[in-house]
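Read the structure below first, then the notes.
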Amino acid sequence: MQSIETDIQILGGGPAGLATGFYAKKRGLDFVLFEAGSEVGGNCRTIRLGDFLFDTGAHRFHDKDPNVTREVKRLLGSELFHVDAPSSIFFEDRFFHFPLTLSDLVEKLDAKTLFKIGWDKLRVERGKPVDDFATFAINRYGKTLAKRFLLNYSEKLWGEPPQKLSVAVSGGRLKGLNLKNLIRSTLVGNAPAQSHLDGSFLYPKYGIGMIPDKLGEFIGYERIHNKSRVSRLVHKAGKIERVILNSGEIEICAHTVINTLPLPLTLKILDPPPPPELIAAASEIKYRHMVLSVFCLNQNSFSPNASLYFPSDAFPFTRLYEPKNRSRYMAPEGQTAIVLELPCSTEDAAWNMSDEALRLEVWDALCRVKPIRREDVIHFLTYRLPFAYPVLTVGFEENVSSLIDYLATFGNMHLTGRSALHRYLHLHDLLRSGQTLVEQIAGLRTPDTTAFHNRRG
Ligand SMILES: Cc1cc2nc3c(=O)[nH]c(=O)nc-3n(C[C@H](O)[C@H](O)[C@H](O)COP(=O)(O)OP(=O)(O)OC[C@H]3O[C@@H](n4cnc5c(N)ncnc54)[C@H](O)[C@@H]3O)c2cc1C
């Protein structure tokens with residue numbers, strides 16, 4: 001057994017693992033972090049392609065938790081900017097404001113559709129709690145708007161019909177957005193829609209990856225072991241005893257384990273294995289993966305938007321973002337890059353296609369948004385992002401809780417992170433969870449299982 005003797009073992013070097021390491025270091029705790037890849041950051045990294053930078057998916061840092069924002073500002077200093085950039089939805093060859101505004105809809109939709117939207121307003125059902133996203137969206141926006149802008153988009157993003165998706169997939173995105181507010185915002189200003197997540201946000205000078213990079217620097221790279229894949233968790237008498245890395249190459253004595261690995265993976269690598277019914281429950285848990293198609297262009301700009309959304313099936317991608325519209329330092333002067341997001345499962349063609357086939361697949365659709373000259377493409381890259389989103393289907397909480405409750409029986413293992421808890425968490429959530437968890441381990445806080453254990457979503 002290799003002698004990496006520490007009090008705490010952190011598994012996974014994405015934002016959740018790094019956030020826990022960051023607060024553990026601040027508290028003077030003794031820990032080590034194991035990451036399977038050759039770099040930390042997980043699904044929240046910034047990649048260099050020639051002179052261009054792009055993030056692994058369109059990221060923003062949301063100023064939602066004052067303590068967390070203060071820490072991130074301290075870490076990044078003057079390299080964290082406040083950004084105001086609009087977003088749009090591309091539908092039937094037109095760009096609609098996102099969030100939707102009535103004046104924009106009136107300008108761009110025909111009279112018949114507008115009448116239907118008005119008619120929906122009279123029929124919108126209020127107050128009834130619902131489980132599925134389709135009913136939720138129709139109740140909020142009415143059938144006409146929901147069908148055009150939300151339901152197709154959600155099916156493309158999550159790979160499940162919206163009737164099967166839990167309301168939790170909205171992840172706060174639609175907070176303050178409904179048909180009533182849409183009409184009110186047009187008449188008396190857009191105050192009610194302000195709490196949505198698009199539009200105004202914080203962003204680092206050289207990409208979102210600066211946040212995990214700075215967390216890693218603060219932790220100190222001597223505590224971070226890259227290329228260390230956790231392959232088994234050996235347990236006995238309700239305690240994780242050993243962490244086995246790289247298929248047995250290294251064995252570590254486990255004391256307090258912070259686990260950020262995807263939930264089904266944890267169940268799979270437990271040794272001895274969990275009861276069969278839990279293995280069956282774990283196999284029901286799905287994640288959405290994502291392919292990114294990146295085009296670096298010899299043109300100054302593609303659009304003024306932070307993000308462009310594509311609800312229609314005619315486009316294989318759901319979202320396009322232009323890194324330069326988040327920070328001008330992401331592309332050289334006079335040039336820009338665009339990144340297309342294609343959510344998929346690992347069985348889908350997009351995940352398995354060659355880079356060239358994928359480029360051909362997206363090119364025509366991209367040029368329908370706005371023509372690009374072939375000679376203006378400087379670089380093209382395909383980037384695959386595993387475990388991008390936990391798929392939250394109706395009733396997912398019960399299945400997930402059964403697994404999390406079982407794992408909670410290991411007294412020395414704590415779960416945190418998006419895929420570990422199967423929750424739609426953002427960076428600020430993960431930083432806050434890291435802090436809470438460290439305070440709990442340091443004995444400064446009584447265990448608060450609801451912070452880490454997904455009892456009811
Ligand atoms: C497209 C997209 C857009 C997003 N936009 C935003 C946004 O605008 N704002 C925001 O706040 N958040 C955003 N997020 C969310 C944010 O990126 C994730 O919440 C975050 O990356 C999750 O961090 P994590 O540490 O829980 O998991 P991950 O980032 O998935 O990290 C898990 C880590 O564990 C490692 N690992 C896996 N298996 C093993 C193993 N066996 N042994 C050792 N290590 C292992 C992986 O290599 C990885 O580094 C977005 C995410 C995506 C995908």
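In the structure tokens, each chain is lettered A, B, ... as it comes, each chain's residues begin at 1, and ligands are numbered from 1 in order of appearance.
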* Asked: What lies within 9 Å of Ala85 of chain A using only C-alpha atoms, ignoring chain neighbours under 2 positions off, as number ranges by chain?
  -> A: 83, 87, 198-201, 304-307, 325-326
* **Surroundings of ligand 1 up to 7 Å, based on only C-alpha atoms and all ligand atoms, as a ChimeraX atom specification** => /A:11-17,34-37,40-44,56-62,228-231,260-262,387-389,416-420,425-428,430
* Asked: Any idea what's packed within 6 Å of Ile8 of chain A, counting only C-alpha atoms, ignoring anything in its chain fewer than 3 positions away? Could you give it as a ChimeraX atom specification?
  -> /A:31,256-257
Contact residues around Pro162 of chain A with only C-alpha atoms at 8 Å, ignoring same-chain residues under 6 positions, as an mmCIF file with N, CA and C atoms, in the first residue's frame:
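Result file around-v1.cif:
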```cif
data_model
loop_
_atom_site.group_PDB
_atom_site.id
_atom_site.type_symbol
_atom_site.label_atom_id
_atom_site.label_comp_id
_atom_site.auth_asym_id
_atom_site.auth_seq_id
_atom_site.Cartn_x
_atom_site.Cartn_y
_atom_site.Cartn_z
ATOM 1 N N ASP A 132 -44.526 16.931 -13.908
ATOM 2 C CA ASP A 132 -43.780 16.810 -15.159
ATOM 3 C C ASP A 132 -43.557 18.162 -15.816
ATOM 4 N N PHE A 133 -42.456 18.243 -16.581
ATOM 5 C CA PHE A 133 -42.036 19.509 -17.152
ATOM 6 C C PHE A 133 -43.010 20.004 -18.228
ATOM 7 N N ALA A 134 -43.617 19.063 -18.998
ATOM 8 C CA ALA A 134 -44.526 19.485 -20.073
ATOM 9 C C ALA A 134 -45.703 20.273 -19.480
ATOM 10 N N LEU A 151 -40.659 23.013 -25.175
ATOM 11 C CA LEU A 151 -40.810 21.559 -25.090
ATOM 12 C C LEU A 151 -39.854 20.821 -26.028
ATOM 13 N N SER A 154 -36.315 21.117 -24.680
ATOM 14 C CA SER A 154 -36.041 20.254 -23.535
ATOM 15 C C SER A 154 -35.830 18.816 -23.980
ATOM 16 N N GLU A 155 -36.620 18.385 -24.960
ATOM 17 C CA GLU A 155 -36.457 17.004 -25.436
ATOM 18 C C GLU A 155 -35.086 16.827 -26.101
#
```
* Asked: Thr69 of chain A: which residues within 12 Å, counting only C-alpha atoms, same-chain residues fewer than 4 positions away excluded, as an NGL selection string?
  -> :A and (61-65 or 73-77 or 80 or 82 or 201-203 or 211 or 427-429 or 431-432)
Would you write out those residues with C-alpha atoms, as an mmCIF file, in the first residue's frame?
```
data_model
loop_
_atom_site.group_PDB
_atom_site.id
_atom_site.type_symbol
_atom_site.label_atom_id
_atom_site.label_comp_id
_atom_site.auth_asym_id
_atom_site.auth_seq_id
_atom_site.Cartn_x
_atom_site.Cartn_y
_atom_site.Cartn_z
ATOM 1 C CA PHE A 61 -20.551 32.367 -12.852
ATOM 2 C CA HIS A 62 -23.800 33.299 -11.081
ATOM 3 C CA ASP A 63 -23.634 35.807 -8.251
ATOM 4 C CA LYS A 64 -26.166 33.899 -6.127
ATOM 5 C CA ASP A 65 -24.330 33.345 -2.860
ATOM 6 C CA LYS A 73 -13.562 37.592 -6.272
ATOM 7 C CA ARG A 74 -10.695 37.223 -3.797
ATOM 8 C CA LEU A 75 -9.191 34.395 -5.853
ATOM 9 C CA LEU A 76 -9.488 36.128 -9.226
ATOM 10 C CA GLY A 77 -9.034 39.769 -8.193
ATOM 11 C CA LEU A 80 -13.294 38.612 -12.796
ATOM 12 C CA HIS A 82 -19.244 41.660 -14.727
ATOM 13 C CA PHE A 201 -23.298 37.346 -14.833
ATOM 14 C CA LEU A 202 -19.680 37.226 -13.678
ATOM 15 C CA TYR A 203 -16.990 35.809 -15.923
ATOM 16 C CA ILE A 211 -11.936 29.347 -11.301
ATOM 17 C CA LEU A 427 -20.483 26.253 -9.460
ATOM 18 C CA HIS A 428 -21.719 28.455 -6.638
ATOM 19 C CA ASP A 429 -23.710 25.496 -5.224
ATOM 20 C CA LEU A 431 -18.459 25.906 -3.551
ATOM 21 C CA ARG A 432 -21.091 26.346 -0.867
#
```
* List every residue of segment 153-362 of chain A that DSSP, applied to the backbone of this structure, places in strand (DSSP E or B), and write the result as a PyMOL selection string. => chain A and resi 165-166+200-204+224-225+230-236+239-245+250-253+256-259+270-271+287-297+307-309+319-321+336-344
